[in-house]
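Undergrad: mmCIF, C-alpha atoms, saved as entry-v4.cif, coming up:
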data_target
#
loop_
_atom_site.label_atom_id
_atom_site.label_comp_id
_atom_site.auth_asym_id
_atom_site.auth_seq_id
_atom_site.Cartn_x
_atom_site.Cartn_y
_atom_site.Cartn_z
CA MET D 1341 10.94 -27.03 -9.90
CA LYS D 1342 8.69 -29.95 -10.75
CA VAL D 1343 7.91 -33.06 -8.72
CA ILE D 1344 5.53 -36.01 -9.05
CA LEU D 1345 2.95 -35.74 -6.25
CA ASN D 1346 -0.48 -37.33 -5.89
CA GLY D 1347 0.07 -39.01 -9.26
CA CYS D 1348 0.75 -35.78 -11.16
CA GLY D 1349 3.78 -33.69 -12.07
CA LEU D 1350 3.36 -30.38 -10.22
CA ALA D 1351 5.45 -27.29 -10.91
CA TYR D 1352 6.17 -25.07 -7.92
CA GLU D 1353 8.63 -22.61 -6.44
CA VAL D 1354 9.46 -21.38 -2.95
CA ARG D 1355 10.36 -17.78 -2.14
CA GLY D 1356 11.74 -16.21 1.04
CA GLU D 1357 11.88 -17.60 4.56
CA ILE D 1358 10.19 -15.13 6.92
CA GLY D 1359 7.02 -16.11 8.77
CA ILE D 1360 4.58 -18.95 8.38
CA PRO D 1361 4.37 -20.24 4.78
CA LEU D 1362 1.84 -18.58 2.49
CA VAL D 1363 0.62 -20.84 -0.33
CA LEU D 1364 -0.72 -18.90 -3.33
CA ILE D 1365 -3.07 -20.75 -5.69
CA HIS D 1366 -3.95 -19.11 -9.01
CA GLY D 1367 -7.27 -19.05 -10.83
CA PHE D 1368 -8.81 -20.92 -13.77
CA GLY D 1369 -6.73 -20.91 -16.94
CA LEU D 1370 -3.90 -18.95 -15.30
CA ASN D 1371 -0.61 -19.93 -13.64
CA ARG D 1372 1.78 -18.99 -10.83
CA ARG D 1373 3.37 -16.17 -12.82
CA PHE D 1374 0.35 -13.99 -12.04
CA TRP D 1375 1.67 -13.57 -8.48
CA TYR D 1376 5.20 -12.41 -9.37
CA GLU D 1377 4.64 -8.64 -9.39
CA MET D 1378 2.81 -8.67 -6.06
CA ILE D 1379 5.50 -10.81 -4.43
CA SER D 1380 8.25 -8.50 -5.68
CA SER D 1381 6.28 -5.49 -4.46
CA LYS D 1382 5.39 -6.62 -0.93
CA LEU D 1383 6.35 -10.21 -0.11
CA ASP D 1384 9.92 -10.55 -1.36
CA LYS D 1385 11.24 -11.73 2.04
CA SER D 1386 8.18 -13.69 3.16
CA HIS D 1387 8.02 -17.49 2.99
CA VAL D 1388 5.80 -18.02 -0.07
CA VAL D 1389 4.98 -21.20 -1.96
CA LEU D 1390 3.70 -20.88 -5.53
CA VAL D 1391 2.19 -23.81 -7.41
CA ASP D 1392 0.79 -24.38 -10.88
CA VAL D 1393 -2.53 -26.19 -10.40
CA ARG D 1394 -2.61 -29.52 -12.25
CA GLY D 1395 -3.48 -28.92 -15.88
CA HIS D 1396 -2.09 -25.37 -15.76
CA GLY D 1397 1.25 -23.66 -16.30
CA GLU D 1398 4.13 -26.12 -16.20
CA SER D 1399 2.24 -28.81 -14.30
CA ASP D 1400 1.05 -31.98 -16.04
CA ALA D 1401 -2.46 -32.15 -17.50
CA PRO D 1402 -3.78 -35.70 -17.04
CA LYS D 1403 -7.16 -36.68 -18.49
CA GLY D 1404 -10.25 -36.64 -16.32
CA SER D 1405 -12.17 -34.31 -14.04
CA TYR D 1406 -10.16 -32.32 -11.49
CA SER D 1407 -12.40 -32.05 -8.46
CA MET D 1408 -11.59 -29.23 -6.06
CA SER D 1409 -10.91 -31.92 -3.44
CA LEU D 1410 -8.36 -33.56 -5.73
CA LEU D 1411 -6.65 -30.21 -6.29
CA ALA D 1412 -6.63 -29.63 -2.51
CA GLU D 1413 -4.97 -33.02 -2.10
CA ASP D 1414 -2.30 -31.86 -4.55
CA VAL D 1415 -1.62 -28.87 -2.30
CA LEU D 1416 -1.42 -31.13 0.76
CA ALA D 1417 1.02 -33.43 -1.03
CA LEU D 1418 3.21 -30.43 -1.86
CA LEU D 1419 3.16 -29.26 1.77
CA ASP D 1420 4.17 -32.76 2.89
CA TYR D 1421 6.95 -32.85 0.31
CA LEU D 1422 8.27 -29.49 1.52
CA GLY D 1423 7.97 -30.50 5.18
CA ILE D 1424 5.42 -27.76 5.95
CA LYS D 1425 3.09 -28.68 8.80
CA LYS D 1426 0.76 -25.64 8.67
CA ALA D 1427 0.31 -22.87 6.14
CA ILE D 1428 -1.87 -19.96 5.11
CA ILE D 1429 -3.75 -21.22 2.06
CA CYS D 1430 -4.72 -18.38 -0.26
CA GLY D 1431 -6.53 -18.78 -3.55
CA HIS D 1432 -7.64 -16.53 -6.38
CA SER D 1433 -11.03 -17.32 -7.96
CA MET D 1434 -10.85 -21.09 -8.67
CA GLY D 1435 -7.88 -21.12 -6.28
CA GLY D 1436 -10.35 -19.99 -3.61
CA TYR D 1437 -12.52 -23.04 -4.30
CA ILE D 1438 -9.40 -25.19 -3.83
CA SER D 1439 -8.55 -23.34 -0.61
CA LEU D 1440 -12.03 -24.00 0.79
CA ALA D 1441 -11.78 -27.68 -0.17
CA PHE D 1442 -8.44 -27.75 1.68
CA ALA D 1443 -10.04 -26.11 4.74
CA ALA D 1444 -12.83 -28.70 4.70
CA ALA D 1445 -10.57 -31.73 4.38
CA PHE D 1446 -7.43 -30.70 6.26
CA PRO D 1447 -8.35 -28.11 8.92
CA GLU D 1448 -5.44 -29.19 11.12
CA ARG D 1449 -3.03 -28.00 8.42
CA LEU D 1450 -4.69 -24.60 7.96
CA ALA D 1451 -3.09 -21.62 9.73
CA GLY D 1452 -4.94 -18.94 7.80
CA LEU D 1453 -7.19 -18.54 4.76
CA GLY D 1454 -7.19 -16.09 1.88
CA LEU D 1455 -10.02 -15.82 -0.68
CA ILE D 1456 -9.29 -13.39 -3.50
CA THR D 1457 -12.20 -12.48 -5.80
CA SER D 1458 -13.69 -15.90 -5.08
CA ARG D 1459 -16.90 -17.37 -3.69
CA ALA D 1460 -18.10 -20.17 -1.43
CA ARG D 1461 -21.38 -20.94 -3.17
CA ALA D 1462 -21.69 -23.77 -5.69
CA ASP D 1463 -22.57 -23.00 -9.29
CA SER D 1464 -26.21 -22.36 -10.08
CA GLU D 1465 -27.76 -24.70 -12.62
CA ILE D 1466 -27.30 -22.06 -15.32
CA GLN D 1467 -23.63 -21.57 -14.41
CA ARG D 1468 -23.11 -25.34 -14.41
CA GLN D 1469 -24.66 -25.73 -17.83
CA ASN D 1470 -22.55 -22.84 -19.12
CA ARG D 1471 -19.41 -24.67 -17.97
CA TYR D 1472 -20.49 -27.83 -19.78
CA ALA D 1473 -21.18 -25.77 -22.92
CA LEU D 1474 -17.71 -24.25 -22.62
CA ILE D 1475 -16.17 -27.72 -22.37
CA GLU D 1476 -17.97 -28.79 -25.54
CA LYS D 1477 -16.84 -25.65 -27.35
CA ILE D 1478 -13.20 -26.19 -26.36
CA GLN D 1479 -13.43 -29.80 -27.51
CA ARG D 1480 -14.79 -28.63 -30.88
CA GLU D 1481 -12.49 -25.66 -31.28
CA SER D 1482 -9.60 -24.80 -28.91
CA VAL D 1483 -8.67 -23.02 -25.68
CA ALA D 1484 -8.93 -19.77 -27.65
CA ALA D 1485 -12.71 -20.04 -27.09
CA LEU D 1486 -12.15 -19.61 -23.35
CA ALA D 1487 -9.45 -16.97 -23.71
CA ALA D 1488 -11.66 -14.79 -25.90
CA SER D 1489 -14.62 -14.93 -23.51
CA LEU D 1490 -12.85 -14.92 -20.15
CA ALA D 1491 -9.98 -12.44 -20.54
CA PRO D 1492 -12.22 -9.34 -21.06
CA ARG D 1493 -14.22 -10.26 -17.94
CA LEU D 1494 -11.14 -10.37 -15.71
CA THR D 1495 -10.25 -6.68 -15.91
CA LYS D 1496 -11.05 -3.43 -17.72
CA ASN D 1497 -7.33 -2.75 -18.21
CA ALA D 1498 -6.66 -3.44 -21.91
CA ALA D 1499 -3.00 -4.36 -21.40
CA LEU D 1500 -3.91 -6.85 -18.67
CA VAL D 1501 -6.70 -8.32 -20.81
CA GLU D 1502 -4.08 -9.02 -23.47
CA GLN D 1503 -1.71 -10.50 -20.87
CA ALA D 1504 -4.45 -12.76 -19.49
CA TYR D 1505 -5.44 -13.86 -23.00
CA LYS D 1506 -1.87 -14.95 -23.76
CA ILE D 1507 -1.63 -16.93 -20.52
CA ILE D 1508 -5.00 -18.64 -20.93
CA ILE D 1509 -4.35 -19.65 -24.53
CA GLU D 1510 -1.12 -21.38 -23.42
CA THR D 1511 -3.03 -23.57 -20.94
CA PRO D 1512 -3.53 -27.18 -22.14
CA ALA D 1513 -7.06 -27.93 -23.31
CA GLN D 1514 -7.21 -30.98 -21.04
CA GLY D 1515 -6.27 -28.81 -18.08
CA ILE D 1516 -9.08 -26.36 -18.85
CA ILE D 1517 -11.58 -29.18 -19.35
CA GLY D 1518 -10.56 -31.05 -16.18
CA ALA D 1519 -10.80 -27.91 -14.05
CA ALA D 1520 -14.10 -26.81 -15.63
CA TYR D 1521 -15.67 -30.17 -14.76
CA GLY D 1522 -14.31 -29.86 -11.22
CA MET D 1523 -15.75 -26.38 -10.75
CA ALA D 1524 -19.14 -27.38 -12.17
CA GLU D 1525 -19.35 -30.29 -9.75
CA ARG D 1526 -17.99 -28.58 -6.64
CA PRO D 1527 -20.19 -28.54 -3.51
CA ASP D 1528 -21.54 -25.46 -1.80
CA ARG D 1529 -19.18 -24.38 1.01
CA MET D 1530 -21.28 -21.69 2.72
CA ASP D 1531 -22.00 -23.94 5.72
CA LEU D 1532 -18.27 -24.55 6.14
CA LEU D 1533 -17.40 -20.89 6.71
CA CYS D 1534 -18.52 -20.70 10.34
CA GLU D 1535 -16.21 -23.64 11.13
CA ILE D 1536 -13.07 -21.94 9.82
CA LYS D 1537 -11.67 -20.55 13.06
CA VAL D 1538 -8.41 -19.11 11.69
CA PRO D 1539 -7.57 -15.57 10.50
CA SER D 1540 -9.17 -15.16 7.08
CA LEU D 1541 -8.93 -12.47 4.40
CA VAL D 1542 -11.59 -11.92 1.73
CA VAL D 1543 -10.53 -9.59 -1.09
CA ALA D 1544 -13.00 -8.02 -3.51
CA GLY D 1545 -12.57 -5.84 -6.56
CA GLU D 1546 -15.14 -3.07 -6.71
CA GLU D 1547 -15.27 -3.44 -10.52
CA ASP D 1548 -15.23 -7.25 -10.55
CA GLN D 1549 -17.48 -8.59 -13.33
CA ILE D 1550 -17.48 -12.14 -11.93
CA VAL D 1551 -17.87 -11.92 -8.13
CA SER D 1552 -19.88 -8.98 -6.83
CA ILE D 1553 -18.57 -6.95 -3.92
CA ALA D 1554 -21.82 -7.64 -2.02
CA GLU D 1555 -21.30 -11.41 -2.35
CA ALA D 1556 -17.68 -11.11 -1.19
CA LYS D 1557 -18.69 -8.96 1.79
CA HIS D 1558 -21.32 -11.50 2.82
CA LEU D 1559 -18.74 -14.28 2.56
CA ALA D 1560 -16.35 -12.36 4.86
CA GLU D 1561 -19.13 -11.83 7.40
CA GLN D 1562 -19.66 -15.60 7.71
CA LEU D 1563 -16.03 -16.25 8.69
CA PRO D 1564 -15.43 -16.04 12.48
CA GLN D 1565 -12.14 -14.18 11.95
CA GLY D 1566 -12.94 -12.71 8.57
CA ILE D 1567 -11.32 -9.50 7.30
CA PHE D 1568 -12.95 -7.84 4.30
CA LEU D 1569 -10.70 -5.93 1.88
CA PRO D 1570 -12.52 -4.14 -0.96
CA ILE D 1571 -10.19 -2.57 -3.51
CA ALA D 1572 -11.38 0.38 -5.61
CA ALA D 1573 -10.90 0.54 -9.39
CA VAL D 1574 -10.04 -3.18 -9.50
CA GLY D 1575 -11.69 -6.09 -11.30
CA HIS D 1576 -11.03 -9.80 -10.90
CA LEU D 1577 -7.21 -9.54 -10.93
CA PRO D 1578 -6.08 -7.45 -7.94
CA MET D 1579 -2.65 -9.14 -7.95
CA LEU D 1580 -2.01 -7.37 -11.26
CA GLU D 1581 -4.27 -4.32 -11.00
CA GLN D 1582 -3.27 -3.27 -7.47
CA PRO D 1583 -0.41 -5.59 -6.39
CA GLY D 1584 0.71 -3.30 -3.57
CA THR D 1585 -2.73 -3.09 -1.98
CA LEU D 1586 -3.28 -6.83 -2.21
CA GLY D 1587 0.22 -7.46 -0.88
CA ASP D 1588 -0.50 -5.22 2.13
CA GLY D 1589 -3.65 -7.22 2.82
CA LEU D 1590 -1.75 -10.50 2.72
CA LEU D 1591 0.93 -9.08 5.02
CA LEU D 1592 -1.82 -8.12 7.46
CA LEU D 1593 -3.14 -11.68 7.31
CA LYS D 1594 0.35 -13.11 7.82
CA ASN D 1595 0.93 -10.82 10.80
CA GLN D 1596 -2.33 -11.97 12.39
CA VAL D 1597 -1.33 -15.60 11.93
CA ASP D 1598 2.24 -15.09 13.08
CA GLY D 1599 0.95 -13.29 16.16
#
Before anything else, please render the file you have as C-alpha cells.

TA:
Amino acid sequence: MKVILNGCGLAYEVRGEIGIPLVLIHGFGLNRRFWYEMISSKLDKSHVVLVDVRGHGESDAPKGSYSMSLLAEDVLALLDYLGIKKAIICGHSMGGYISLAFAAAFPERLAGLGLITSRARADSEIQRQNRYALIEKIQRESVAALAASLAPRLTKNAALVEQAYKIIIETPAQGIIGAAYGMAERPDRMDLLCEIKVPSLVVAGEEDQIVSIAEAKHLAEQLPQGIFLPIAAVGHLPMLEQPGTLGDGLLLLKNQVDG
C-alpha cells in the first residue's frame, strides 16, 4: 500500500494482529523486503508494520536532505494514519538513527525500542566528509558507486552481498543523497539513552564491519531497560544472516512490552 503522509508518498504494509505493533525500519539503501524472511520465520502472527523510508523502495524520493527527525515524523504520520497510539519502534542501521530521533521527539508514542546493528553517536568529522564525498560520487556517476562499496561491508556471505547489491542499485539516487545528507547531519544521541525508560533491545553482529560489538554493548549498557543480543557469525544484516535468532530477540522484546 502507498499513502501520502507528511508531504511524501510512503509505501508500507501491515502484517498480523497479535500484541503491540512492532514497526520495522530498514537501513540505508535498502527497503522493507529485507525483513520478510525473519517475519515468516518468527513473527508471522505478530502485529508488524513495515515501511519503506522516503527515498527508498516504493516510497517517493523528493529532493532535499532527509533529516533523521523528518524520517521520524514520517513514521509518526504513518502511526497516526493507522490509528496506532503506541508502538515498538525498531530500526536497522540508519533505521536505528530514525528510531532514536522518534524516541527523542515522541517519547509518549514509544512502547519499546529496537536498535539492530546501529549506533547512537553522531558521525565523526571523517565519517561526515566521507558521506559528502559519496554524495558527490553518486552525483557524478550513479548509485552503483554506493552499491559496490557498501554491499561487501554488510556481510561476508557472498549470496547476501549480491542480494544487497541488487537492492541498493534499485534505490533512487535522490533517495540515497537525501538520506546521506541526513545521516551526516544527525545529532549525537548518547545523552538521550538514559531517558529512554522502555524495554529496549540492542542487537550486534560479532562479524559486523560497520558497528563494532563493543560499541553496541556500550550502547545497550546506557539504556535503563537495555537488553544486549550479540549474534555469532553475523555481520551487519542479522535479519538475513540469522533471521530466527533476531526474530527470537524481537519476540522477547515484544513479550516484555506486552507484559

Undergrad: Would you mind reading off the distance between atom CA of D:Ala1520 and atom CA of D:Met1579, one decimal, in Å?

TA: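 A separation of 22.4 Å between them.
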
Undergrad: Since I can't run it myself right now, could you work out what the PyMOL selection byres ((chain D and resi 1547-1559) around 8) selects here and report it as an mmCIF file with C-alpha atoms, keeping the file's coordinate frame?

TA:
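part.cif, freshly written:
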data_model
loop_
_atom_site.group_PDB
_atom_site.id
_atom_site.type_symbol
_atom_site.label_atom_id
_atom_site.label_comp_id
_atom_site.auth_asym_id
_atom_site.auth_seq_id
_atom_site.Cartn_x
_atom_site.Cartn_y
_atom_site.Cartn_z
ATOM 1 C CA THR D 1457 -12.200 -12.480 -5.800
ATOM 2 C CA SER D 1458 -13.690 -15.900 -5.080
ATOM 3 C CA ARG D 1459 -16.900 -17.370 -3.690
ATOM 4 C CA ALA D 1460 -18.100 -20.170 -1.430
ATOM 5 C CA ARG D 1493 -14.220 -10.260 -17.940
ATOM 6 C CA LEU D 1494 -11.140 -10.370 -15.710
ATOM 7 C CA THR D 1495 -10.250 -6.680 -15.910
ATOM 8 C CA MET D 1530 -21.280 -21.690 2.720
ATOM 9 C CA LEU D 1533 -17.400 -20.890 6.710
ATOM 10 C CA VAL D 1542 -11.590 -11.920 1.730
ATOM 11 C CA VAL D 1543 -10.530 -9.590 -1.090
ATOM 12 C CA ALA D 1544 -13.000 -8.020 -3.510
ATOM 13 C CA GLY D 1545 -12.570 -5.840 -6.560
ATOM 14 C CA GLU D 1546 -15.140 -3.070 -6.710
ATOM 15 C CA ALA D 1560 -16.350 -12.360 4.860
ATOM 16 C CA GLU D 1561 -19.130 -11.830 7.400
ATOM 17 C CA GLN D 1562 -19.660 -15.600 7.710
ATOM 18 C CA LEU D 1563 -16.030 -16.250 8.690
ATOM 19 C CA PHE D 1568 -12.950 -7.840 4.300
ATOM 20 C CA PRO D 1570 -12.520 -4.140 -0.960
ATOM 21 C CA ALA D 1572 -11.380 0.380 -5.610
ATOM 22 C CA ALA D 1573 -10.900 0.540 -9.390
ATOM 23 C CA VAL D 1574 -10.040 -3.180 -9.500
ATOM 24 C CA GLY D 1575 -11.690 -6.090 -11.300
ATOM 25 C CA HIS D 1576 -11.030 -9.800 -10.900
#

Undergrad: With distances taken over all atoms listed in the file, which of D:Leu1474, D:Leu1490, D:Leu1590, D:Ile1516 is nearest to D:Leu1541?

TA: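 Of D:Leu1474, D:Leu1490, D:Leu1590, D:Ile1516, the one nearest D:Leu1541 is D:Leu1590, counting all atoms listed in the file.
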
Undergrad: I'd like to know which of D:Gly1566, D:Pro1539, D:Pro1512, D:Gly1518 is closest to D:Ala1427, using all atoms listed in the file.

TA: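 Answer, going by the shortest atom-to-atom distance: D:Pro1539.
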
Undergrad: Grab the atom CA of D:Leu1383 to atom CA of D:Ile1438 distance for me, in Å with one decimal place.

TA: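 One can read the atom CA of D:Leu1383 to atom CA of D:Ile1438 distance as 22.1 Å.
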
Undergrad: Expand the PyMOL selection byres ((chain D and resi 1599) around 12) into the individual residues it matches in the shown file, reporting them as a list in words.

TA: Gly1359, Ile1360, Ala1451, Gly1452, Val1538, Pro1539, Leu1591, Leu1592, Leu1593, Lys1594, Asn1595, Gln1596, Val1597 and Asp1598 of chain D

Undergrad: Starting from the PyMOL selection byres ((chain D and resi 1478) around 12), expand the selection into actual residues of this file and give them as a list in words.

TA: Arg1471, Tyr1472, Ala1473, Leu1474, Ile1475, Glu1476, Lys1477, Gln1479, Arg1480, Glu1481, Ser1482, Val1483, Ala1484, Ala1485, Leu1486, Ala1487, Ala1488, Ser1489, Ile1509, Thr1511, Pro1512, Ala1513, Gln1514, Gly1515, Ile1516, Ile1517, Gly1518 and Ala1520 of chain D

Undergrad: What is the distance, in Å and to one decimal place, between atom CA of D:Leu1569 and atom CA of D:Pro1583?

TA: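 These two atoms are separated by 13.2 Å.
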
Undergrad: Taking all atoms listed in the file into account, name the residue in D:Val1343, D:Ala1401, D:Met1408, D:Leu1577 that is nearest to D:Gly1522.

TA: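 Smallest distance to D:Gly1522 is found for D:Met1408.
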
Undergrad: Need the shell around D:Ile1365: protein/DNA/RNA residues with any atom at most 10 Å away, counting all atoms listed in the file. Skip same-chain ones fewer than 4 positions apart. Format as a list in words?

TA: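 So, after excluding close chain neighbours, the residues are Leu1370, Asn1371, Arg1372, Phe1374, Trp1375, Val1389, Leu1390, Val1391, Asp1392, Val1393, Val1415, Ile1429, Cys1430, Gly1431, His1432, Ser1433, Met1434, Gly1435, Gly1436, Tyr1437, Ile1438, Ser1439, Gly1454, Leu1455 and Ile1456 of chain D.
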
Undergrad: Where atoms are missing, can you supply N, CA and C atoms for stretch 1538-1561 of chain D and output the lot as a PDB file, keeping the file's coordinate frame?

TA:
ATOM      1  N   VAL D1538      -9.760 -19.651  11.840  1.00  0.00           N
ATOM      2  CA  VAL D1538      -8.410 -19.110  11.690  1.00  0.00           C
ATOM      3  C   VAL D1538      -8.529 -17.735  11.040  1.00  0.00           C
ATOM      4  N   PRO D1539      -7.514 -16.856  11.188  1.00  0.00           N
ATOM      5  CA  PRO D1539      -7.570 -15.570  10.500  1.00  0.00           C
ATOM      6  C   PRO D1539      -7.808 -15.749   9.006  1.00  0.00           C
ATOM      7  N   SER D1540      -8.748 -14.980   8.467  1.00  0.00           N
ATOM      8  CA  SER D1540      -9.170 -15.160   7.080  1.00  0.00           C
ATOM      9  C   SER D1540      -9.323 -13.794   6.400  1.00  0.00           C
ATOM     10  N   LEU D1541      -8.852 -13.713   5.180  1.00  0.00           N
ATOM     11  CA  LEU D1541      -8.930 -12.470   4.400  1.00  0.00           C
ATOM     12  C   LEU D1541      -9.774 -12.710   3.161  1.00  0.00           C
ATOM     13  N   VAL D1542     -10.776 -11.870   2.942  1.00  0.00           N
ATOM     14  CA  VAL D1542     -11.590 -11.920   1.730  1.00  0.00           C
ATOM     15  C   VAL D1542     -11.355 -10.624   0.956  1.00  0.00           C
ATOM     16  N   VAL D1543     -10.871 -10.752  -0.254  1.00  0.00           N
ATOM     17  CA  VAL D1543     -10.530  -9.590  -1.090  1.00  0.00           C
ATOM     18  C   VAL D1543     -11.533  -9.478  -2.232  1.00  0.00           C
ATOM     19  N   ALA D1544     -12.036  -8.265  -2.446  1.00  0.00           N
ATOM     20  CA  ALA D1544     -13.000  -8.020  -3.510  1.00  0.00           C
ATOM     21  C   ALA D1544     -12.564  -6.848  -4.365  1.00  0.00           C
ATOM     22  N   GLY D1545     -12.781  -6.963  -5.662  1.00  0.00           N
ATOM     23  CA  GLY D1545     -12.570  -5.840  -6.560  1.00  0.00           C
ATOM     24  C   GLY D1545     -13.880  -5.116  -6.788  1.00  0.00           C
ATOM     25  N   GLU D1546     -13.887  -3.811  -6.597  1.00  0.00           N
ATOM     26  CA  GLU D1546     -15.140  -3.070  -6.710  1.00  0.00           C
ATOM     27  C   GLU D1546     -15.686  -3.048  -8.136  1.00  0.00           C
ATOM     28  N   GLU D1547     -14.825  -3.386  -9.126  1.00  0.00           N
ATOM     29  CA  GLU D1547     -15.270  -3.440 -10.520  1.00  0.00           C
ATOM     30  C   GLU D1547     -15.279  -4.869 -11.048  1.00  0.00           C
ATOM     31  N   ASP D1548     -15.271  -5.851 -10.144  1.00  0.00           N
ATOM     32  CA  ASP D1548     -15.230  -7.250 -10.550  1.00  0.00           C
ATOM     33  C   ASP D1548     -16.502  -7.614 -11.311  1.00  0.00           C
ATOM     34  N   GLN D1549     -16.350  -8.181 -12.493  1.00  0.00           N
ATOM     35  CA  GLN D1549     -17.480  -8.590 -13.330  1.00  0.00           C
ATOM     36  C   GLN D1549     -17.914 -10.032 -13.069  1.00  0.00           C
ATOM     37  N   ILE D1550     -17.200 -10.725 -12.176  1.00  0.00           N
ATOM     38  CA  ILE D1550     -17.480 -12.140 -11.930  1.00  0.00           C
ATOM     39  C   ILE D1550     -18.042 -12.378 -10.537  1.00  0.00           C
ATOM     40  N   VAL D1551     -17.403 -11.796  -9.519  1.00  0.00           N
ATOM     41  CA  VAL D1551     -17.870 -11.920  -8.130  1.00  0.00           C
ATOM     42  C   VAL D1551     -18.216 -10.527  -7.624  1.00  0.00           C
ATOM     43  N   SER D1552     -19.470 -10.311  -7.264  1.00  0.00           N
ATOM     44  CA  SER D1552     -19.880  -8.980  -6.830  1.00  0.00           C
ATOM     45  C   SER D1552     -19.292  -8.653  -5.465  1.00  0.00           C
ATOM     46  N   ILE D1553     -19.119  -7.378  -5.199  1.00  0.00           N
ATOM     47  CA  ILE D1553     -18.570  -6.950  -3.920  1.00  0.00           C
ATOM     48  C   ILE D1553     -19.535  -7.295  -2.785  1.00  0.00           C
ATOM     49  N   ALA D1554     -20.837  -7.281  -3.050  1.00  0.00           N
ATOM     50  CA  ALA D1554     -21.820  -7.640  -2.020  1.00  0.00           C
ATOM     51  C   ALA D1554     -21.678  -9.117  -1.640  1.00  0.00           C
ATOM     52  N   GLU D1555     -21.486  -9.980  -2.632  1.00  0.00           N
ATOM     53  CA  GLU D1555     -21.300 -11.410  -2.350  1.00  0.00           C
ATOM     54  C   GLU D1555     -20.036 -11.644  -1.542  1.00  0.00           C
ATOM     55  N   ALA D1556     -18.945 -10.953  -1.914  1.00  0.00           N
ATOM     56  CA  ALA D1556     -17.680 -11.110  -1.190  1.00  0.00           C
ATOM     57  C   ALA D1556     -17.808 -10.616   0.245  1.00  0.00           C
ATOM     58  N   LYS D1557     -18.505  -9.508   0.438  1.00  0.00           N
ATOM     59  CA  LYS D1557     -18.690  -8.960   1.790  1.00  0.00           C
ATOM     60  C   LYS D1557     -19.486  -9.940   2.655  1.00  0.00           C
ATOM     61  N   HIS D1558     -20.523 -10.520   2.080  1.00  0.00           N
ATOM     62  CA  HIS D1558     -21.320 -11.500   2.820  1.00  0.00           C
ATOM     63  C   HIS D1558     -20.471 -12.705   3.201  1.00  0.00           C
ATOM     64  N   LEU D1559     -19.625 -13.151   2.288  1.00  0.00           N
ATOM     65  CA  LEU D1559     -18.740 -14.280   2.560  1.00  0.00           C
ATOM     66  C   LEU D1559     -17.848 -13.958   3.766  1.00  0.00           C
ATOM     67  N   ALA D1560     -17.245 -12.767   3.761  1.00  0.00           N
ATOM     68  CA  ALA D1560     -16.350 -12.360   4.860  1.00  0.00           C
ATOM     69  C   ALA D1560     -17.080 -12.342   6.192  1.00  0.00           C
ATOM     70  N   GLU D1561     -18.342 -11.923   6.161  1.00  0.00           N
ATOM     71  CA  GLU D1561     -19.130 -11.830   7.400  1.00  0.00           C
ATOM     72  C   GLU D1561     -19.423 -13.198   8.008  1.00  0.00           C
TER      73      GLU D1561
END
